[in-house]
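Engineer: One structure, as structure tokens, below. Some questions next.
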Amino acid sequence: MKEKLTIPLLKKSAEEFCKAESKFKNRELYGITDGKAVGTYIEHKFQRYLSERYEYEMGSSAKGIDLPEDGIQSDIKVTSIRQPQSSCPFKDAQQKIFGLGYNLLIFVYKKTDIKHQQAASLDFMSCTFLEKNRTADYTTTFRLIEMVKDGAIKEDIIAYLVDRNIPVDETGLNIIASKIMAGGLEQGYLTISNALQWRLQYARIVTLTDDIQGISKLIDKVNK
């Protein structure tokens, strides 16, 4: 009987997968320049890697994330080191301030085509597990935390949110501002751009050298 997947086992598997895949020559990816196609291929391969070893609930479009099971609640993101970013579904504006509501497992690769072998090498430069409380926008949360410390009132918070073009109506602004004033806002580490889908950028995560609670650097070849 397979062992039940847990967060520690997910992290361990991601690290092992990156090390193995960095040595593997992918004939299926030779000549492929579409980052989305490469990402989908690696994501499916990692899912197979997990399913061969552990018991867990796989995600679906209805569930919204790749690993929706209670206790894991994580989404898998695969992106190129050239422009480490991806999109994710927009649920509501509060995600930019309070986090996406789930963890992220972020694989960042460097792809090289090997002509004489007709194969592609994917060197995983970074792999990070980002807990859900760290998935908000860095600049927005940094400034809001600073404002609360400096004694800002609710109207100041609303004015800042409007200035940042947070995609929400007046009622929503009041709800968000009240939650911020109540305290407990945590520093996020993503760059989140407003769009019909959130655009998540991971450069800060990839280059991060500080030891931050809630951020596990499983593979880090960028800062070494």
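The chains in the structure tokens are called A, B, ... from first to last as shown; in each chain the residues are counted from 1, and the ligands are counted from 1 in the order shown.
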So that I can check the surroundings of His116 (chain A), please list as a PDB file with N, CA and C atoms, in the first residue's frame every protein, DNA and RNA residue that reaches within 12 Å of it, counting only C-alpha atoms and ignoring chain neighbours fewer than 4 positions away.

Structural biologist:
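Wrote it out as around_19.pdb, contents follow:
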```
ATOM      1  N   LYS A  25      17.665  13.512 -20.489  1.00  0.00           N
ATOM      2  CA  LYS A  25      17.562  14.115 -21.815  1.00  0.00           C
ATOM      3  C   LYS A  25      16.161  13.843 -22.377  1.00  0.00           C
ATOM      4  N   ARG A  27      13.691  13.832 -25.226  1.00  0.00           N
ATOM      5  CA  ARG A  27      13.527  13.898 -26.673  1.00  0.00           C
ATOM      6  C   ARG A  27      12.211  14.580 -27.053  1.00  0.00           C
ATOM      7  N   TYR A  30      12.590  18.447 -27.407  1.00  0.00           N
ATOM      8  CA  TYR A  30      13.591  19.013 -28.314  1.00  0.00           C
ATOM      9  C   TYR A  30      12.912  19.963 -29.314  1.00  0.00           C
ATOM     10  N   ALA A 120      16.408  17.597 -25.364  1.00  0.00           N
ATOM     11  CA  ALA A 120      16.478  18.816 -24.574  1.00  0.00           C
ATOM     12  C   ALA A 120      16.907  18.488 -23.148  1.00  0.00           C
TER      13      ALA A 120
END
```

Engineer: Can you tell me which residues surround region 152-161 of chain A at a distance of at most 8 Å, considering only C-alpha atoms, apart from same-chain residues fewer than 5 positions away, and format the answer as a VMD selection string?

Structural biologist: chain A and resid 144 147 166 173 to 174 177 to 178 181

Engineer: If you keep N, CA and C atoms, can you produce a file of those selected residues as an mmCIF file, in the first residue's frame?

Structural biologist:
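Writing done, so here's again.cif:
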```
data_model
loop_
_atom_site.group_PDB
_atom_site.id
_atom_site.type_symbol
_atom_site.label_atom_id
_atom_site.label_comp_id
_atom_site.auth_asym_id
_atom_site.auth_seq_id
_atom_site.Cartn_x
_atom_site.Cartn_y
_atom_site.Cartn_z
ATOM 1 N N LEU A 144 1.369 48.217 3.088
ATOM 2 C CA LEU A 144 0.226 48.194 4.006
ATOM 3 C C LEU A 144 0.659 47.909 5.446
ATOM 4 N N MET A 147 2.134 51.070 6.711
ATOM 5 C CA MET A 147 1.114 52.080 6.987
ATOM 6 C C MET A 147 0.424 51.822 8.332
ATOM 7 N N ILE A 166 -6.511 48.203 -7.042
ATOM 8 C CA ILE A 166 -6.990 46.892 -6.621
ATOM 9 C C ILE A 166 -8.373 46.676 -7.241
ATOM 10 N N LEU A 173 -13.672 47.342 -0.994
ATOM 11 C CA LEU A 173 -12.577 48.131 -0.432
ATOM 12 C C LEU A 173 -12.739 48.300 1.071
ATOM 13 N N ASN A 174 -13.966 48.571 1.498
ATOM 14 C CA ASN A 174 -14.231 48.736 2.926
ATOM 15 C C ASN A 174 -13.989 47.453 3.703
ATOM 16 N N ALA A 177 -10.153 46.882 3.832
ATOM 17 C CA ALA A 177 -9.528 47.845 4.743
ATOM 18 C C ALA A 177 -9.795 47.484 6.201
ATOM 19 N N SER A 178 -11.013 47.032 6.491
ATOM 20 C CA SER A 178 -11.351 46.633 7.865
ATOM 21 C C SER A 178 -10.515 45.440 8.302
ATOM 22 N N MET A 181 -6.950 46.637 8.998
ATOM 23 C CA MET A 181 -6.876 47.372 10.260
ATOM 24 C C MET A 181 -6.978 46.445 11.470
#
```

Engineer: Taking a cut-off of 8 Å and counting only C-alpha atoms, can you build a table that, for each residue of region 91-152 of chain A near region 71-78 of chain A, reports the nearest atom pair and how far apart they are in Å (one decimal), sorted by chain then residue number, as a Markdown table?

Structural biologist:
```
| residue | atom | partner | partner_atom | distance |
| --- | --- | --- | --- | --- |
| A:Tyr102 | CA | A:Gln73 | CA | 5.5 |
| A:Asn103 | CA | A:Ser74 | CA | 4.4 |
| A:Leu104 | CA | A:Asp75 | CA | 5.0 |
| A:Leu105 | CA | A:Ile76 | CA | 4.9 |
| A:Ile106 | CA | A:Lys77 | CA | 4.8 |
| A:Phe107 | CA | A:Val78 | CA | 4.7 |
| A:Val108 | CA | A:Val78 | CA | 5.9 |
| A:Tyr109 | CA | A:Val78 | CA | 7.7 |
```

Engineer: Go through A:Glu131, A:Asp137, A:Glu170, A:Glu186 and flag the residue nearest Gly214 (chain A), using only C-alpha atoms for the distances.

Structural biologist: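 Among A:Glu131, A:Asp137, A:Glu170, A:Glu186, it is A:Glu131 that comes nearest to Gly214 (chain A).
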
Engineer: Could you check the closest approach to Thr79 (chain A) for each of A:Trp198, A:Phe17, A:Tyr138, A:Phe124 and tell me which residue wins, using only C-alpha atoms?

Structural biologist: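 Between A:Trp198, A:Phe17, A:Tyr138, A:Phe124, the residue approaching Thr79 (chain A) most closely is A:Phe124.
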
Engineer: Tell me which protein, DNA and RNA residues are within 7 Å of Ser22 (chain A), counting only C-alpha atoms, leaving out same-chain ones fewer than 4 positions away, and put them as a PDB file with N, CA and C atoms, in the first residue's frame.

Structural biologist:
```pdb
ATOM      1  N   CYS A  18      13.722  17.137  -9.264  1.00  0.00           N
ATOM      2  CA  CYS A  18      14.563  18.141  -9.912  1.00  0.00           C
ATOM      3  C   CYS A  18      15.964  17.605 -10.185  1.00  0.00           C
ATOM      4  N   SER A 121      17.741  19.363 -22.607  1.00  0.00           N
ATOM      5  CA  SER A 121      18.154  19.237 -21.213  1.00  0.00           C
ATOM      6  C   SER A 121      17.436  20.320 -20.407  1.00  0.00           C
ATOM      7  N   LEU A 122      16.817  19.906 -19.324  1.00  0.00           N
ATOM      8  CA  LEU A 122      16.165  20.857 -18.427  1.00  0.00           C
ATOM      9  C   LEU A 122      16.916  20.857 -17.101  1.00  0.00           C
ATOM     10  N   ASP A 123      17.658  21.921 -16.883  1.00  0.00           N
ATOM     11  CA  ASP A 123      18.394  22.047 -15.631  1.00  0.00           C
ATOM     12  C   ASP A 123      17.526  22.864 -14.672  1.00  0.00           C
ATOM     13  N   PHE A 124      17.094  22.252 -13.585  1.00  0.00           N
ATOM     14  CA  PHE A 124      16.233  22.956 -12.643  1.00  0.00           C
ATOM     15  C   PHE A 124      17.099  23.840 -11.748  1.00  0.00           C
TER      16      PHE A 124
END
```

Engineer: Among the residues of region 15-213 of chain A, find those DSSP assigns to strand (DSSP E) from the backbone and print them as a VMD selection string.

Structural biologist: chain A and resid 25 to 26 54 to 55 74 to 80 85 to 89 103 to 114 119 to 130 191 to 193 197 to 201

Engineer: Report, in Å to a single decimal, how far apart CA of Gly39 (chain A) and CA of Leu130 (chain A) are.

Structural biologist: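 Computed distance, CA of Leu130 (chain A) to CA of Gly39 (chain A), equals 18.2 Å.
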